[in-house]
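Here is structure07.cif, consisting of mmCIF, C-alpha atoms:
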data_input
#
loop_
_atom_site.label_atom_id
_atom_site.label_comp_id
_atom_site.auth_asym_id
_atom_site.auth_seq_id
_atom_site.Cartn_x
_atom_site.Cartn_y
_atom_site.Cartn_z
CA MET A 1 100.12 -124.57 -214.70
CA ARG A 2 99.41 -122.13 -217.49
CA ARG A 3 95.91 -122.44 -218.91
CA SER A 4 94.59 -121.41 -222.28
CA PRO A 5 91.78 -118.84 -222.11
CA VAL A 6 89.73 -120.98 -224.51
CA ARG A 7 88.85 -124.56 -223.76
CA THR A 8 90.12 -127.09 -226.26
CA GLY A 9 89.66 -130.76 -226.99
CA PRO A 10 86.73 -132.77 -228.32
CA ARG A 11 83.16 -132.04 -227.39
CA LEU A 12 80.06 -134.12 -227.82
CA PRO A 13 77.25 -132.70 -229.93
CA TYR A 14 73.93 -131.94 -228.35
CA PRO A 15 71.80 -135.12 -228.32
CA GLY A 16 69.96 -135.39 -231.60
CA ALA A 17 72.14 -132.81 -233.33
CA LEU A 18 73.31 -133.54 -236.86
CA PRO A 19 76.75 -132.62 -238.22
CA ARG A 20 76.67 -129.36 -240.09
CA THR A 21 77.28 -129.63 -243.84
CA PRO A 22 79.44 -126.75 -245.10
CA ASP A 23 77.67 -124.44 -247.51
CA PRO A 24 79.81 -124.34 -250.70
CA ALA A 25 78.86 -120.68 -251.12
CA ARG A 26 80.48 -119.93 -247.77
CA VAL A 27 83.79 -121.70 -248.36
CA SER A 28 86.41 -119.10 -247.57
CA THR A 29 89.89 -118.79 -246.17
CA ARG A 30 88.55 -116.31 -243.58
CA LEU A 31 86.96 -117.44 -240.33
CA ARG A 32 83.61 -115.76 -239.68
CA ALA A 33 83.48 -115.49 -235.91
CA ALA A 34 81.81 -113.46 -233.18
CA LEU A 35 82.65 -112.43 -229.65
CA TYR A 36 79.67 -112.47 -227.32
CA GLY A 37 80.53 -110.70 -224.07
CA GLY A 38 78.52 -109.92 -220.97
CA SER A 39 78.20 -110.59 -217.29
CA PHE A 40 75.90 -113.61 -217.90
CA ASP A 41 74.74 -113.40 -214.29
CA PRO A 42 73.21 -115.86 -214.89
CA VAL A 43 73.11 -116.97 -218.52
CA HIS A 44 69.50 -117.47 -219.69
CA LEU A 45 67.68 -118.64 -222.80
CA GLY A 46 67.47 -115.10 -224.16
CA HIS A 47 71.28 -115.14 -224.43
CA VAL A 48 71.16 -118.55 -226.10
CA GLU A 49 68.57 -117.45 -228.66
CA THR A 50 70.60 -114.33 -229.47
CA ALA A 51 73.66 -116.45 -230.21
CA ARG A 52 71.65 -118.92 -232.30
CA ARG A 53 70.11 -116.21 -234.47
CA ALA A 54 73.37 -114.30 -234.84
CA GLU A 55 75.09 -117.49 -235.97
CA ARG A 56 72.40 -118.21 -238.54
CA VAL A 57 71.75 -114.71 -239.92
CA PHE A 58 75.40 -113.65 -240.10
CA GLN A 59 76.58 -117.12 -241.18
CA LEU A 60 79.11 -117.44 -238.39
CA ASP A 61 81.53 -120.32 -238.11
CA ARG A 62 82.20 -119.80 -234.40
CA VAL A 63 80.78 -117.87 -231.45
CA LEU A 64 83.02 -117.22 -228.45
CA TRP A 65 81.23 -116.38 -225.21
CA VAL A 66 83.33 -114.09 -222.99
CA PRO A 67 82.08 -113.55 -219.42
CA ALA A 68 83.25 -110.24 -217.99
CA ALA A 69 85.07 -109.97 -214.70
CA GLU A 70 84.12 -106.33 -214.07
CA PRO A 71 81.90 -104.74 -216.73
CA PRO A 72 82.80 -101.00 -216.85
CA HIS A 73 79.11 -100.02 -217.13
CA LYS A 74 78.20 -102.13 -214.08
CA ARG A 75 80.88 -101.04 -211.64
CA GLY A 76 79.85 -101.42 -208.05
CA ARG A 77 77.35 -104.18 -208.80
CA GLU A 78 78.41 -107.41 -207.18
CA LEU A 79 78.41 -110.37 -209.54
CA ALA A 80 78.37 -114.07 -208.83
CA PRO A 81 81.92 -115.47 -208.74
CA GLY A 82 83.56 -115.68 -212.15
CA PRO A 83 84.27 -119.42 -212.00
CA PHE A 84 80.61 -120.11 -211.26
CA ARG A 85 79.34 -117.96 -214.14
CA LEU A 86 81.93 -119.67 -216.34
CA ALA A 87 80.67 -123.10 -215.30
CA LEU A 88 77.11 -122.07 -216.16
CA LEU A 89 78.28 -121.01 -219.61
CA TYR A 90 80.09 -124.29 -220.19
CA LEU A 91 76.81 -126.07 -219.52
CA ALA A 92 74.66 -123.63 -221.52
CA THR A 93 76.88 -123.84 -224.62
CA ALA A 94 77.00 -127.64 -224.72
CA GLU A 95 74.34 -127.46 -227.42
CA ARG A 96 76.56 -126.20 -230.22
CA ALA A 97 79.88 -127.53 -231.50
CA SER A 98 80.58 -124.06 -232.91
CA TRP A 99 80.29 -122.34 -229.52
CA ASP A 100 83.23 -121.84 -227.17
CA VAL A 101 83.78 -120.11 -223.84
CA SER A 102 86.80 -117.94 -223.02
CA GLU A 103 88.27 -117.06 -219.64
CA GLU A 104 90.15 -114.13 -221.18
CA GLU A 105 88.41 -111.33 -219.29
CA LEU A 106 88.07 -113.26 -216.04
CA ALA A 107 91.84 -113.73 -216.01
CA ARG A 108 92.47 -110.02 -216.67
CA GLU A 109 92.76 -107.63 -213.76
CA GLY A 110 90.61 -104.51 -213.65
CA PRO A 111 87.63 -103.53 -215.81
CA SER A 112 86.73 -105.76 -218.77
CA TYR A 113 87.12 -103.50 -221.80
CA THR A 114 85.76 -105.00 -225.01
CA TYR A 115 88.44 -103.30 -227.09
CA ASP A 116 91.18 -105.16 -225.21
CA THR A 117 89.48 -108.48 -225.94
CA VAL A 118 88.94 -107.61 -229.61
CA ARG A 119 92.63 -106.84 -229.99
CA VAL A 120 93.57 -110.36 -228.92
CA ALA A 121 90.75 -112.06 -230.85
CA PRO A 122 93.12 -113.64 -233.42
CA ARG A 123 94.87 -115.45 -230.57
CA LEU A 124 91.56 -116.51 -229.02
CA PHE A 125 90.35 -117.98 -232.33
CA GLY A 126 93.77 -119.33 -233.31
CA VAL A 127 94.00 -117.59 -236.68
CA PRO A 128 95.99 -114.67 -238.11
CA ARG A 129 94.20 -111.31 -238.02
CA GLU A 130 93.99 -111.21 -241.81
CA ALA A 131 92.15 -114.56 -241.75
CA LEU A 132 89.52 -113.40 -239.23
CA ASP A 133 86.21 -111.80 -240.15
CA LEU A 134 85.33 -110.61 -236.66
CA HIS A 135 81.86 -109.73 -235.36
CA LEU A 136 80.83 -108.42 -231.96
CA VAL A 137 77.43 -109.12 -230.38
CA ILE A 138 76.00 -106.25 -228.32
CA GLY A 139 72.53 -105.40 -227.08
CA SER A 140 70.63 -102.50 -228.61
CA ASP A 141 70.21 -101.13 -225.08
CA ASN A 142 74.00 -100.65 -225.03
CA LEU A 143 74.03 -98.70 -228.29
CA PRO A 144 73.29 -95.23 -226.81
CA GLY A 145 76.29 -95.62 -224.51
CA LEU A 146 78.61 -96.97 -227.22
CA PRO A 147 80.31 -93.61 -227.88
CA GLN A 148 81.52 -93.67 -224.25
CA TRP A 149 83.04 -97.14 -224.56
CA TYR A 150 86.81 -97.36 -224.28
CA GLU A 151 88.32 -96.78 -227.76
CA ALA A 152 84.87 -97.01 -229.33
CA ARG A 153 85.94 -95.80 -232.78
CA ALA A 154 88.96 -98.07 -232.92
CA LEU A 155 86.70 -100.89 -231.80
CA LEU A 156 84.34 -100.38 -234.74
CA ASP A 157 87.34 -100.31 -237.08
CA LEU A 158 88.07 -103.91 -236.05
CA VAL A 159 84.63 -105.53 -235.90
CA GLN A 160 81.29 -105.82 -237.60
CA PRO A 161 78.80 -105.26 -234.76
CA ILE A 162 75.76 -107.49 -234.39
CA ILE A 163 73.14 -105.48 -232.51
CA ALA A 164 70.60 -107.66 -230.73
CA TRP A 165 67.47 -105.59 -231.28
CA ARG A 166 64.19 -106.45 -229.55
CA ASP A 167 62.29 -103.18 -229.45
CA GLY A 168 62.62 -99.49 -230.22
CA ASP A 169 63.39 -97.65 -233.44
CA PRO A 170 66.77 -98.54 -235.02
CA ASP A 171 66.84 -95.27 -236.98
CA ALA A 172 66.37 -93.29 -233.79
CA LEU A 173 69.18 -95.22 -232.11
CA LEU A 174 71.49 -94.54 -235.04
CA ARG A 175 70.64 -90.83 -235.05
CA GLU A 176 71.48 -90.69 -231.35
CA VAL A 177 75.01 -91.98 -231.84
CA ALA A 178 75.65 -90.49 -235.30
CA PRO A 179 77.66 -87.46 -234.08
CA ALA A 180 80.23 -89.76 -232.47
CA PHE A 181 81.05 -91.96 -235.44
CA SER A 182 82.13 -91.84 -239.06
CA ALA A 183 79.86 -92.65 -241.98
CA GLU A 184 81.53 -96.06 -242.35
CA HIS A 185 80.99 -96.81 -238.67
CA LEU A 186 77.31 -95.93 -239.01
CA ARG A 187 76.98 -98.19 -242.05
CA LYS A 188 78.45 -101.03 -240.01
CA LEU A 189 75.99 -100.38 -237.20
CA GLU A 190 73.07 -100.25 -239.63
CA ARG A 191 74.10 -103.54 -241.24
CA GLY A 192 74.40 -105.16 -237.83
CA PHE A 193 70.83 -104.94 -236.53
CA LEU A 194 69.53 -108.40 -235.67
CA ARG A 195 65.78 -108.54 -235.08
CA LEU A 196 64.84 -110.71 -232.11
CA PRO A 197 61.54 -111.55 -230.43
CA PRO A 198 60.70 -109.75 -227.17
CA LEU A 199 62.88 -110.98 -224.33
CA PRO A 200 60.82 -113.17 -221.99
CA VAL A 201 63.08 -112.45 -219.04
CA SER A 202 66.27 -110.63 -218.04
CA SER A 203 69.12 -111.80 -215.82
CA SER A 204 67.91 -109.51 -213.03
CA GLU A 205 64.42 -111.03 -213.24
CA VAL A 206 65.90 -114.54 -213.19
CA ARG A 207 67.89 -113.65 -210.06
CA ALA A 208 64.75 -112.30 -208.39
CA LYS A 209 62.72 -115.40 -209.28
CA LEU A 210 65.45 -117.72 -208.02
CA ALA A 211 65.70 -115.80 -204.75
CA ARG A 212 61.94 -116.30 -204.29
CA GLY A 213 62.30 -120.01 -205.01
CA GLU A 214 60.23 -119.77 -208.21
CA ASP A 215 60.55 -122.22 -211.07
CA CYS A 216 62.87 -120.94 -213.83
CA SER A 217 62.45 -123.87 -216.19
CA GLY A 218 62.14 -122.52 -219.70
CA LEU A 219 64.10 -119.41 -218.73
CA VAL A 220 67.54 -120.86 -217.93
CA PRO A 221 69.22 -123.74 -219.82
CA ASP A 222 68.40 -126.97 -218.01
CA LEU A 223 71.95 -128.01 -217.09
CA ALA A 224 72.79 -124.51 -215.88
CA LEU A 225 69.61 -124.37 -213.81
CA ASP A 226 70.48 -127.72 -212.22
CA LEU A 227 73.85 -126.34 -211.11
CA ILE A 228 72.27 -123.15 -209.74
CA GLN A 229 69.77 -125.09 -207.68
CA GLU A 230 72.26 -127.67 -206.44
CA HIS A 231 74.55 -124.91 -205.15
CA GLY A 232 71.85 -122.62 -203.81
CA ALA A 233 73.07 -119.86 -206.10
CA TYR A 234 71.31 -116.51 -206.44
CA GLY A 235 69.42 -117.11 -203.20
CA TRP A 236 67.80 -120.36 -204.34
CA PRO A 237 66.48 -121.98 -201.12
CA ARG A 238 68.73 -124.65 -199.69
CA PRO A 239 68.03 -127.30 -197.06
CA ALA A 240 68.46 -126.09 -193.48
CA GLY A 241 72.06 -126.17 -192.36
CA ASP A 242 73.61 -125.88 -195.83
CA ARG A 243 76.07 -123.06 -196.40
CA GLU A 244 75.86 -120.42 -199.11
CA GLY A 245 76.31 -121.85 -202.59
CA ALA A 246 79.08 -121.27 -205.05
CA GLY A 247 77.04 -118.72 -206.97
CA GLY A 248 75.96 -116.63 -203.99
CA ARG A 249 77.11 -113.04 -203.51
CA ARG A 250 79.92 -113.11 -201.01
CA THR A 251 80.90 -110.17 -198.86
CA GLY A 252 83.64 -111.88 -196.89
CA GLY A 253 85.44 -115.11 -196.13
CA ALA A 254 88.44 -116.74 -197.70
CA GLU A 255 88.44 -118.40 -201.07
CA GLY A 256 89.42 -122.04 -201.36
CA ASP A 257 87.99 -123.02 -197.98
CA ASP A 258 88.90 -126.70 -197.67
CA GLU A 259 85.81 -127.34 -195.54
CA ASP A 260 83.40 -126.24 -198.29
CA ASP A 261 82.42 -129.50 -199.97
CA GLU A 262 80.97 -127.59 -202.94
CA ASP A 263 84.49 -127.00 -204.18
CA ASP A 264 84.48 -130.71 -205.05
CA ASP A 265 81.88 -130.27 -207.82
CA PRO A 266 83.83 -131.01 -211.04
CA ARG A 267 81.57 -128.69 -213.02
CA LEU A 268 83.13 -125.74 -211.18
CA HIS A 269 86.63 -126.80 -212.23
CA ARG A 270 86.16 -127.49 -215.90
CA GLY A 271 89.42 -126.36 -217.37
CA PRO A 272 90.14 -125.84 -221.06
CA GLY A 273 90.61 -129.55 -221.65
CA ALA A 274 87.06 -130.32 -220.61
CA GLY A 275 85.45 -128.26 -223.29
CA HIS A 276 85.52 -128.29 -227.07
CA ALA A 277 87.46 -126.93 -229.97
#
Please express what this file holds, its structure, as structure tokens.
Amino acid sequence: MRRSPVRTGPRLPYPGALPRTPDPARVSTRLRAALYGGSFDPVHLGHVETARRAERVFQLDRVLWVPAAEPPHKRGRELAPGPFRLALLYLATAERASWDVSEEELAREGPSYTYDTVRVAPRLFGVPREALDLHLVIGSDNLPGLPQWYEARALLDLVQPIIAWRDGDPDALLREVAPAFSAEHLRKLERGFLRLPPLPVSSSEVRAKLARGEDCSGLVPDLALDLIQEHGAYGWPRPAGDREGAGGRRTGGAEGDDEDDEDDDPRLHRGPGAGHA
């Protein structure tokens, strides 16, 4: 059965959330939206805070989280299985009616190039290209390597970047990449800096803490952390006799093992219809 890369259907608001009242000053025929890509291995509250602030500061209508299958800059690093990272994102994004998750890059073979995803963004958001005001969330640590990204200049022609900036000198970062881009590209980059508080933890630190059996409450969204612990993902200690969890790094074995009762967890099979519009 063919599946849409973006989950559809109704979603419940986060408990206690109030419906958003449209700002009359923002009424427009164009959809202000952002793609937020990454390995999200695992998603943590630093990712969530970045999306929240980007949404508020850049007055976004929608944020689409896009987990990568094979990030080109992380080749050779083994990631948790795509469906498991996707399930974590479904749980982590339950807070916002304006947040969606896409399977676009997980369904694509080979490296996950951002430019390829940007090109199909109108389809992902369900609007014509001329009706889409597209933004792209990237980390400031990725900015020095941006000139080496696939079709980097064409990419900046299509998006307004949002640069999640936690430390360092933005002017120095811009000077470093200036030779690679046009004046208009540099203006876009300069407009896109989003000041964020220091990151309390990184995904690699979360993985290390989980492998040591340390408490990650306050670092990982609660529902996502529950799933990680229940499945013994990222080395989280499991009761004696239990097999490796759905989020563990696998170096062998067949997928779809009928004897693995963890495949029965409905949270690992949340198709597009289980999400939100």
| remark: As a check of understanding: the span from CA of His135 in chain A to CA of Arg191 in chain A is 11.5 Å
| message | Would you compute the distance between CA of Ala69 in chain A and CA of Leu210 in chain A? Give it in Å to one decimal. | response |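 CA of Leu210 in chain A lies 22.1 Å from CA of Ala69 in chain A.
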| said: For the provided coordinates, the residues matched by the PyMOL selection byres ((chain A and resi 192-202) around 7) should be stated as a PyMOL selection string. | reply: chain A and resi 46+160-166+188-191+203-206
| task | Determine the nearest neighbour of Ala54 in chain A from the options A:Ala80, A:Ala97, A:Ile228, A:Val137, counting all atoms listed in the file. | result |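 Under the stated criterion, the closest residue is A:Val137.
Residues lying within 12 Å of Glu214 in chain A, counting only C-alpha atoms and ignoring same-chain neighbours fewer than 3 positions away, are Glu205, Val206, Arg207, Ala208, Lys209, Leu210, Ala211, Ser217, Gly218, Leu219, Leu225, Gln229, Tyr234, Gly235, Trp236 and Pro237 of chain A.
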Would you mind exporting C-alpha atoms of the selected residues as a JSON list (two decimals), in the frame of the given file?
[["chain", "number", "residue", "atom", "x", "y", "z"],
["A", 205, "GLU", "CA", 64.42, -111.03, -213.24],
["A", 206, "VAL", "CA", 65.90, -114.54, -213.19],
["A", 207, "ARG", "CA", 67.89, -113.65, -210.06],
["A", 208, "ALA", "CA", 64.75, -112.30, -208.39],
["A", 209, "LYS", "CA", 62.72, -115.40, -209.28],
["A", 210, "LEU", "CA", 65.45, -117.72, -208.02],
["A", 211, "ALA", "CA", 65.70, -115.80, -204.75],
["A", 217, "SER", "CA", 62.45, -123.87, -216.19],
["A", 218, "GLY", "CA", 62.14, -122.52, -219.70],
["A", 219, "LEU", "CA", 64.10, -119.41, -218.73],
["A", 225, "LEU", "CA", 69.61, -124.37, -213.81],
["A", 229, "GLN", "CA", 69.77, -125.09, -207.68],
["A", 234, "TYR", "CA", 71.31, -116.51, -206.44],
["A", 235, "GLY", "CA", 69.42, -117.11, -203.20],
["A", 236, "TRP", "CA", 67.80, -120.36, -204.34],
["A", 237, "PRO", "CA", 66.48, -121.98, -201.12]]
| What does the distance from CA of Ala224 in chain A to CA of Leu91 in chain A come to in Å, to one decimal? | 5.6 Å
| message | Taking (72.3, -99.5, -226.3) in the coordinates of the supplied file, I want to know which residues reach to within 10 Å of it, counting all atoms listed in the file; could you give the answer as a VMD selection string? | response | chain A and resid 138 to 146 163 to 165 173 177
| query | So which residues get picked by the PyMOL selection byres ((chain A and resi 89) around 10) here, written as a PyMOL selection string? | reply | chain A and resi 40-44+48+65-67+83-88+90-94+100-102+221+223-224
